[in-house]
file run.txt (compact mmCIF, C-alpha atoms)
# COMPACT_ATOMS: atom_id res chain seq x y z
CA MET A 1 135.79 129.69 133.38
CA LYS A 2 134.83 129.18 136.96
CA GLU A 3 131.78 127.10 137.78
CA THR A 4 129.09 129.03 139.57
CA PRO A 5 126.06 127.63 141.35
CA SER A 6 123.68 129.29 138.88
CA GLN A 7 125.42 128.29 135.65
CA PHE A 8 127.21 125.10 134.67
CA ASP A 9 130.61 125.38 133.00
CA PHE A 10 130.09 123.69 129.63
CA SER A 11 133.73 124.10 128.66
CA SER A 12 134.63 121.33 131.13
CA ILE A 13 132.82 118.85 128.84
CA GLY A 14 133.22 120.50 125.45
CA LYS A 15 131.81 118.45 122.59
CA GLN A 16 132.45 115.04 124.12
CA MET A 17 129.70 112.48 123.75
CA PRO A 18 129.17 109.05 125.30
CA TYR A 19 128.49 107.56 121.86
CA ARG A 20 130.85 105.38 119.89
CA VAL A 21 130.70 103.33 116.68
CA PRO A 22 132.05 99.88 115.72
CA ASP A 23 135.54 99.77 114.21
CA GLY A 24 135.62 100.69 110.52
CA PHE A 25 131.98 101.73 110.62
CA PHE A 26 132.32 104.94 108.62
CA GLU A 27 134.33 103.34 105.79
CA GLN A 28 131.85 100.47 105.46
CA SER A 29 128.85 102.76 105.76
CA LYS A 30 130.19 105.07 103.05
CA LEU A 31 130.44 102.15 100.61
CA GLN A 32 126.92 100.98 101.50
CA LEU A 33 125.46 104.45 101.05
CA LYS A 34 127.10 104.89 97.65
CA SER A 35 125.97 101.44 96.57
CA SER A 36 122.35 102.07 97.59
CA VAL A 37 122.33 105.40 95.75
CA GLN A 38 123.72 103.71 92.62
CA SER A 39 121.13 100.94 92.70
CA LEU A 40 118.41 103.54 93.22
CA SER A 41 119.67 105.42 90.16
CA ALA A 42 119.68 102.24 88.08
CA HIS A 43 116.13 101.40 89.20
CA ARG A 44 114.88 104.90 88.33
CA LYS A 45 116.61 104.70 84.95
CA THR A 46 114.85 101.39 84.16
CA ILE A 47 111.46 102.82 85.13
CA ARG A 48 112.10 105.96 83.04
CA ARG A 49 113.10 103.85 80.01
CA ARG A 50 109.92 101.81 80.35
CA TRP A 51 107.80 104.96 80.37
CA TYR A 52 109.68 106.37 77.37
CA SER A 53 108.99 103.17 75.40
CA ILE A 54 105.29 103.27 76.25
CA ALA A 55 105.07 106.95 75.32
CA ALA A 56 106.93 106.34 72.06
CA GLY A 57 104.57 103.45 71.18
CA VAL A 58 101.49 105.59 71.81
CA ALA A 59 102.98 108.45 69.77
CA VAL A 60 103.67 106.12 66.83
CA LEU A 61 100.12 104.76 66.95
CA LEU A 62 98.65 108.24 67.06
CA ALA A 63 100.81 109.29 64.12
CA ILE A 64 100.08 106.19 62.01
CA TYR A 65 96.29 106.11 62.50
CA PRO A 66 95.42 109.36 60.62
CA VAL A 67 97.86 108.48 57.83
CA THR A 68 96.25 105.08 57.25
CA ARG A 69 92.79 106.68 57.27
CA LEU A 70 93.92 109.26 54.74
CA LEU A 71 95.47 106.60 52.49
CA GLN A 72 92.26 104.57 52.64
CA ARG A 73 90.13 107.56 51.62
CA HIS A 74 92.57 108.42 48.84
CA ALA A 75 92.40 104.85 47.51
CA ASP A 76 88.57 104.93 47.53
CA ALA A 77 88.52 108.23 45.64
CA GLU A 78 90.74 106.91 42.86
CA THR A 79 88.76 103.72 42.36
CA PRO A 80 86.08 103.91 39.57
CA VAL A 81 82.49 103.67 40.81
CA TYR A 82 81.92 100.30 39.20
CA CYS A 83 85.01 98.89 40.95
CA GLN A 84 84.22 100.30 44.36
CA THR A 85 82.90 98.22 47.18
CA ASP A 86 79.15 98.09 47.69
CA ASN A 87 79.22 100.64 50.44
CA ALA A 88 81.28 103.17 48.47
CA SER A 89 79.12 102.62 45.40
CA ASP A 90 75.90 103.12 47.38
CA GLU A 91 77.27 106.31 48.86
CA TRP A 92 78.03 107.63 45.37
CA ASN A 93 74.53 106.72 44.10
CA ASP A 94 72.88 108.44 47.06
CA PHE A 95 74.97 111.52 46.40
CA ALA A 96 74.03 111.54 42.68
CA ASP A 97 70.33 111.06 43.47
CA ALA A 98 70.34 113.97 45.87
CA ASP A 99 72.04 116.37 43.47
CA ILE A 100 69.37 118.27 41.47
CA PHE A 101 71.88 119.44 38.86
CA MET A 102 72.75 115.91 37.97
CA GLU A 103 69.19 114.90 37.05
CA ASN A 104 69.46 115.63 33.34
CA MET A 105 72.90 114.34 32.87
CA ASP A 106 73.37 111.60 30.38
CA TRP A 107 75.39 108.85 31.91
CA MET B 1 123.74 112.74 81.60
CA LYS B 2 121.97 115.00 84.05
CA HIS B 3 121.17 111.97 86.17
CA LEU B 4 124.83 110.96 86.23
CA GLN B 5 125.74 114.41 87.47
CA GLU B 6 123.17 114.00 90.21
CA GLN B 7 124.74 110.75 91.27
CA ILE B 8 128.19 112.29 91.42
CA SER B 9 126.82 115.11 93.53
CA THR B 10 125.14 112.71 95.91
CA GLU B 11 128.40 110.85 96.28
CA ALA B 12 130.19 114.12 96.97
CA LEU B 13 127.59 114.92 99.63
CA ILE B 14 128.11 111.48 101.18
CA GLU B 15 131.84 112.21 101.35
CA ARG B 16 131.29 115.60 102.95
CA TYR B 17 128.41 114.97 105.31
CA GLN B 18 128.38 111.29 106.22
CA GLN B 19 130.10 111.73 109.58
CA PRO B 20 128.58 115.03 110.79
CA LEU B 21 125.11 113.81 109.80
CA TYR B 22 125.64 110.47 111.50
CA TRP B 23 126.53 112.18 114.79
CA HIS B 24 123.63 114.61 114.46
CA ILE B 25 121.22 111.73 113.86
CA ARG B 26 122.78 109.67 116.63
CA ARG B 27 122.22 112.47 119.12
CA MET B 28 118.58 112.53 118.02
CA VAL B 29 117.73 108.81 117.90
CA VAL B 30 120.37 107.61 120.41
CA CYS B 31 120.77 103.99 119.20
CA HIS B 32 123.58 103.22 116.78
CA SER B 33 121.53 100.82 114.64
CA ASP B 34 118.69 103.36 114.35
CA ALA B 35 121.15 106.12 113.44
CA GLN B 36 122.56 103.88 110.70
CA ASP B 37 119.10 103.34 109.16
CA VAL B 38 118.15 107.01 109.42
CA LEU B 39 121.44 108.01 107.79
CA GLN B 40 120.68 105.72 104.85
CA ASN B 41 117.13 107.13 104.52
CA THR B 42 118.58 110.63 104.65
CA PHE B 43 120.93 110.08 101.73
CA ILE B 44 118.20 108.39 99.70
CA GLN B 45 116.03 111.48 100.23
CA VAL B 46 119.00 113.70 99.35
CA HIS B 47 119.46 111.78 96.11
CA LEU B 48 115.76 111.86 95.21
CA HIS B 49 115.38 115.60 95.85
CA LEU B 50 118.78 116.83 94.73
CA ARG B 51 117.24 118.84 91.90
CA LYS B 52 115.53 121.03 94.48
CA LEU B 53 118.89 122.17 95.80
CA LYS B 54 119.59 125.23 93.70
CA ASP B 55 121.89 127.22 95.94
CA GLN B 56 125.17 125.42 96.63
CA LYS B 57 125.80 127.70 99.61
CA ALA B 58 122.69 126.38 101.35
CA GLU B 59 123.85 122.78 100.87
CA ARG B 60 124.80 122.13 104.52
CA ALA B 61 121.54 123.49 105.96
CA TRP B 62 119.59 121.55 103.32
CA VAL B 63 121.14 118.15 104.15
CA TYR B 64 120.80 118.83 107.89
CA ARG B 65 117.13 119.68 107.39
CA ILE B 66 116.53 116.37 105.61
CA ALA B 67 118.46 114.47 108.28
CA THR B 68 116.54 116.18 111.10
CA ASN B 69 113.19 115.44 109.46
CA GLU B 70 114.15 111.82 108.90
CA ALA B 71 115.28 111.46 112.52
CA LEU B 72 112.07 113.00 113.86
CA GLN B 73 109.95 110.81 111.60
CA TRP B 74 111.85 107.78 112.82
CA LEU B 75 111.21 108.72 116.42
CA ARG B 76 107.54 109.34 115.68
CA LYS B 77 107.28 105.91 114.09
CA LYS B 78 108.85 104.31 117.12
CA HIS B 79 106.44 106.15 119.42
CA GLU B 80 109.34 107.85 121.05
CA TYR B 81 108.64 111.27 119.63
CA LEU B 82 109.30 113.80 122.36
CA SER B 83 106.93 116.61 123.08
CA LEU B 84 106.54 117.45 126.73
CA ASP B 85 105.92 113.87 127.69
CA THR B 86 108.38 112.76 130.36
CA ASP B 87 107.77 109.09 129.59
CA ASP B 88 109.07 109.55 126.06
CA ALA B 89 112.15 111.30 127.39
CA GLN B 90 112.62 108.43 129.83
CA SER B 91 112.48 105.90 127.01
CA LEU B 92 115.29 107.73 125.21
CA VAL B 93 117.36 107.84 128.40
CA HIS B 94 116.72 104.13 128.78
CA ALA B 95 117.85 103.58 125.16
CA LEU B 96 121.01 105.57 125.92
CA LYS B 97 121.83 103.28 128.83
CA ALA B 98 120.93 100.11 126.93
CA ASP B 99 122.75 100.76 123.65
CA PRO B 100 125.90 98.61 123.35
CA TYR B 101 127.72 101.52 121.68
CA THR B 102 127.34 103.91 124.59
CA ASP B 103 130.23 104.63 126.94
CA THR B 104 129.14 105.19 130.49
CA GLY B 105 132.70 105.71 131.74
CA ASP B 106 132.72 109.50 131.90
CA HIS B 107 129.90 110.41 134.26
CA LEU B 108 129.77 114.10 133.34
CA VAL B 109 129.68 113.44 129.59
CA PHE B 110 126.96 110.84 130.09
CA LEU B 111 125.00 113.21 132.30
CA LEU B 112 125.10 115.98 129.68
CA GLN B 113 123.60 113.61 127.13
CA GLU B 114 121.00 112.46 129.62
CA ALA B 115 120.07 116.09 130.37
CA THR B 116 119.76 116.81 126.65
CA LEU B 117 117.40 113.87 126.16
CA THR B 118 114.99 115.20 128.80
CA LEU B 119 114.36 118.32 126.70
CA PRO B 120 111.37 118.73 124.35
CA THR B 121 112.21 117.87 120.74
CA MET B 122 112.51 121.42 119.43
CA GLN B 123 114.83 122.56 122.22
CA ARG B 124 116.89 119.40 122.01
CA SER B 125 117.32 119.69 118.22
CA VAL B 126 118.24 123.37 118.41
CA PHE B 127 120.68 122.76 121.27
CA ASN B 128 122.42 119.93 119.36
CA LEU B 129 122.66 121.93 116.15
CA ARG B 130 124.13 124.94 117.93
CA TYR B 131 126.26 123.34 120.61
CA TYR B 132 127.75 120.38 118.73
CA ASP B 133 127.50 121.39 115.07
CA GLU B 134 128.00 125.13 115.66
CA LEU B 135 125.51 126.06 112.96
CA PRO B 136 124.45 129.70 112.64
CA TYR B 137 120.99 130.57 113.95
CA GLU B 138 119.81 131.35 110.39
CA ASP B 139 120.59 127.76 109.34
CA ILE B 140 119.01 126.35 112.50
CA ALA B 141 115.84 128.36 111.85
CA TYR B 142 115.73 126.97 108.28
CA ILE B 143 116.34 123.40 109.47
CA MET B 144 113.66 123.57 112.16
CA GLY B 145 111.20 125.58 110.07
CA SER B 146 111.11 128.40 112.62
CA THR B 147 112.41 131.95 112.97
CA VAL B 148 115.88 133.09 113.99
CA GLY B 149 114.43 134.61 117.16
CA ALA B 150 112.69 131.36 118.09
CA ALA B 151 115.91 129.40 117.46
CA LYS B 152 117.87 131.72 119.77
CA THR B 153 115.21 131.52 122.48
CA ASN B 154 115.04 127.73 122.25
CA TYR B 155 118.82 127.45 122.52
CA HIS B 156 119.04 129.66 125.60
CA ILE B 157 116.14 127.91 127.32
CA ALA B 158 117.68 124.51 126.50
CA LYS B 159 121.08 125.55 127.81
CA GLU B 160 119.53 126.87 131.00
CA LYS B 161 117.58 123.65 131.57
CA ILE B 162 120.64 121.48 130.93
CA SER B 163 122.71 123.62 133.23
CA ASN B 164 120.14 123.25 136.01
CA TYR B 165 119.92 119.49 135.42
CA LEU B 166 123.69 119.07 135.63
CA LEU B 167 123.99 121.18 138.77
CA GLU B 168 121.21 119.16 140.39
CA HIS B 169 122.64 115.76 139.50
CA LEU B 170 126.35 116.32 140.09
call {"tool": "encode", "arguments": {"input": "run.txt", "output": "structure tokens"}}
result
Amino acid sequence: MKETPSQFDFSSIGKQMPYRVPDGFFEQSKLQLKSSVQSLSAHRKTIRRRWYSIAAGVAVLLAIYPVTRLLQRHADAETPVYCQTDNASDEWNDFADADIFMENMDW
Amino acid sequence: MKHLQEQISTEALIERYQQPLYWHIRRMVVCHSDAQDVLQNTFIQVHLHLRKLKDQKAERAWVYRIATNEALQWLRKKHEYLSLDTDDAQSLVHALKADPYTDTGDHLVFLLQEATLTLPTMQRSVFNLRYYDELPYEDIAYIMGSTVGAAKTNYHIAKEKISNYLLEHL
């Protein structure tokens, strides 16, 4: 193409650039990039594991709590009134006093 | 397992795009050491957001978009972000002259780069993506977050400005 005063001939330069890099830069940089990505992956994995452990712990606690409560109530129900703790015994007496159909019962 | 696949993919992207992205970033930030840092940030972002890449065909435009954003952020942080401010353009030209990894031997090649650096950011980015990387306008529009029409207009304006600059300074 011929250069004209109104338009510069870009083909005379092409894709040349004045930039250069140190010798072996791309090989070294590739290793560094891969290494930083790997360490980032390892770091994320550690954080994820930590969160999984915390979540698992909370889930176990939430699952155990109602079961222990249920077992406790079941144990109280099976214990005879005279063997129950003061609180449980008082609760039973209050319940019996309040029940009008139990008034004439012979204990 | 999924995470391992991600890592392999990131490594594959490093293999494929390390050099073209480096040169794209270098043309944006000028200094070799800055380009090195921006390249590293780019691949970290690629790795962190790899799940968002669903279409393998859009892979090239996607990594270029991340690299361009990282380069522009870097420039913004260094207070060298170009808008229409001539002083900012001058600081990039100064960086071009001062960088130890710049060859000033070929006057015409140096002048083309100098002319490119005097452009506003959008025009400069579009010109680099089209002229050096030969990306289609659709990809350039996606990378720059604009329309295809705007990308074409920016490229032609940029080319005109560079042409005038070169004719003036030769």
call {"tool": "interface_residues", "arguments": {"input": "run.txt", "of": "chain B", "to": "chain A", "cutoff": "8 Å", "atoms": "all atoms listed in the file", "output": "PyMOL selection string"}}
result
chain B and resi 3+7+10-11+14-15+18-19+32+40+43-44+47+101-104+106+108-110+113+131-132+160+163-164+166-167
call {"tool": "write_last_selection", "arguments": {"input": "run.txt", "atoms": "C-alpha atoms", "output": "PDB file, keeping the file's coordinate frame"}}
result
ATOM      1  CA  HIS B   3     121.170 111.970  86.170  1.00  0.00           C
ATOM      2  CA  GLN B   7     124.740 110.750  91.270  1.00  0.00           C
ATOM      3  CA  THR B  10     125.140 112.710  95.910  1.00  0.00           C
ATOM      4  CA  GLU B  11     128.400 110.850  96.280  1.00  0.00           C
ATOM      5  CA  ILE B  14     128.110 111.480 101.180  1.00  0.00           C
ATOM      6  CA  GLU B  15     131.840 112.210 101.350  1.00  0.00           C
ATOM      7  CA  GLN B  18     128.380 111.290 106.220  1.00  0.00           C
ATOM      8  CA  GLN B  19     130.100 111.730 109.580  1.00  0.00           C
ATOM      9  CA  HIS B  32     123.580 103.220 116.780  1.00  0.00           C
ATOM     10  CA  GLN B  40     120.680 105.720 104.850  1.00  0.00           C
ATOM     11  CA  PHE B  43     120.930 110.080 101.730  1.00  0.00           C
ATOM     12  CA  ILE B  44     118.200 108.390  99.700  1.00  0.00           C
ATOM     13  CA  HIS B  47     119.460 111.780  96.110  1.00  0.00           C
ATOM     14  CA  TYR B 101     127.720 101.520 121.680  1.00  0.00           C
ATOM     15  CA  THR B 102     127.340 103.910 124.590  1.00  0.00           C
ATOM     16  CA  ASP B 103     130.230 104.630 126.940  1.00  0.00           C
ATOM     17  CA  THR B 104     129.140 105.190 130.490  1.00  0.00           C
ATOM     18  CA  ASP B 106     132.720 109.500 131.900  1.00  0.00           C
ATOM     19  CA  LEU B 108     129.770 114.100 133.340  1.00  0.00           C
ATOM     20  CA  VAL B 109     129.680 113.440 129.590  1.00  0.00           C
ATOM     21  CA  PHE B 110     126.960 110.840 130.090  1.00  0.00           C
ATOM     22  CA  GLN B 113     123.600 113.610 127.130  1.00  0.00           C
ATOM     23  CA  TYR B 131     126.260 123.340 120.610  1.00  0.00           C
ATOM     24  CA  TYR B 132     127.750 120.380 118.730  1.00  0.00           C
ATOM     25  CA  GLU B 160     119.530 126.870 131.000  1.00  0.00           C
ATOM     26  CA  SER B 163     122.710 123.620 133.230  1.00  0.00           C
ATOM     27  CA  ASN B 164     120.140 123.250 136.010  1.00  0.00           C
ATOM     28  CA  LEU B 166     123.690 119.070 135.630  1.00  0.00           C
ATOM     29  CA  LEU B 167     123.990 121.180 138.770  1.00  0.00           C
TER      30      LEU B 167
END
call {"tool": "atom_distance", "arguments": {"input": "run.txt", "atom1": "atom CA of Asn154 of chain B", "atom2": "atom CA of Tyr22 of chain B"}}
result
22.9 Å
call {"tool": "atom_distance", "arguments": {"input": "run.txt", "atom1": "atom CA of Val126 of chain B", "atom2": "atom CA of Tyr155 of chain B"}}
result
5.8 Å
call {"tool": "residues_around", "arguments": {"input": "run.txt", "residues": "Arg26 of chain B", "least_positions_apart": "5", "cutoff": "9 Å", "atoms": "all atoms listed in the file", "output": "PyMOL selection string"}}
result
(chain A and resi 19) or (chain B and resi 21+31-32+34-36+38+71)
call {"tool": "closest_residue", "arguments": {"input": "run.txt", "among": "B:Lys161, B:Lys78, B:His49, B:His94", "to": "Ala115 of chain B", "atoms": "only C-alpha atoms"}}
result
B:Lys161
call {"tool": "atom_distance", "arguments": {"input": "run.txt", "atom1": "atom CA of Ala12 of chain B", "atom2": "atom CA of Glu59 of chain B"}}
result
11.4 Å
call {"tool": "residues_near_point", "arguments": {"input": "run.txt", "point": "(113.1, 126.0, 121.4)", "cutoff": "12 Å", "atoms": "all atoms listed in the file", "output": "ChimeraX atom specification"}}
result
/B:83,119-130,137,140-141,144-161
call {"tool": "closest_residue", "arguments": {"input": "run.txt", "among": "B:Gln45, B:Asp133, B:Val63, B:Lys54", "to": "Arg16 of chain B", "atoms": "all atoms listed in the file"}}
result
B:Val63
call {"tool": "closest_residue", "arguments": {"input": "run.txt", "among": "B:Ala61, B:Ile162, B:Leu135, B:Leu96", "to": "Val30 of chain B", "atoms": "all atoms listed in the file"}}
result
B:Leu96
call {"tool": "closest_residue", "arguments": {"input": "run.txt", "among": "B:Ala67, B:Ser33, B:Val93, B:Asn41", "to": "Pro20 of chain B", "atoms": "all atoms listed in the file"}}
result
B:Ala67
call {"tool": "closest_residue", "arguments": {"input": "run.txt", "among": "B:Gln90, B:Glu114, B:Val29, B:Lys52", "to": "Lys77 of chain B", "atoms": "all atoms listed in the file"}}
result
B:Val29
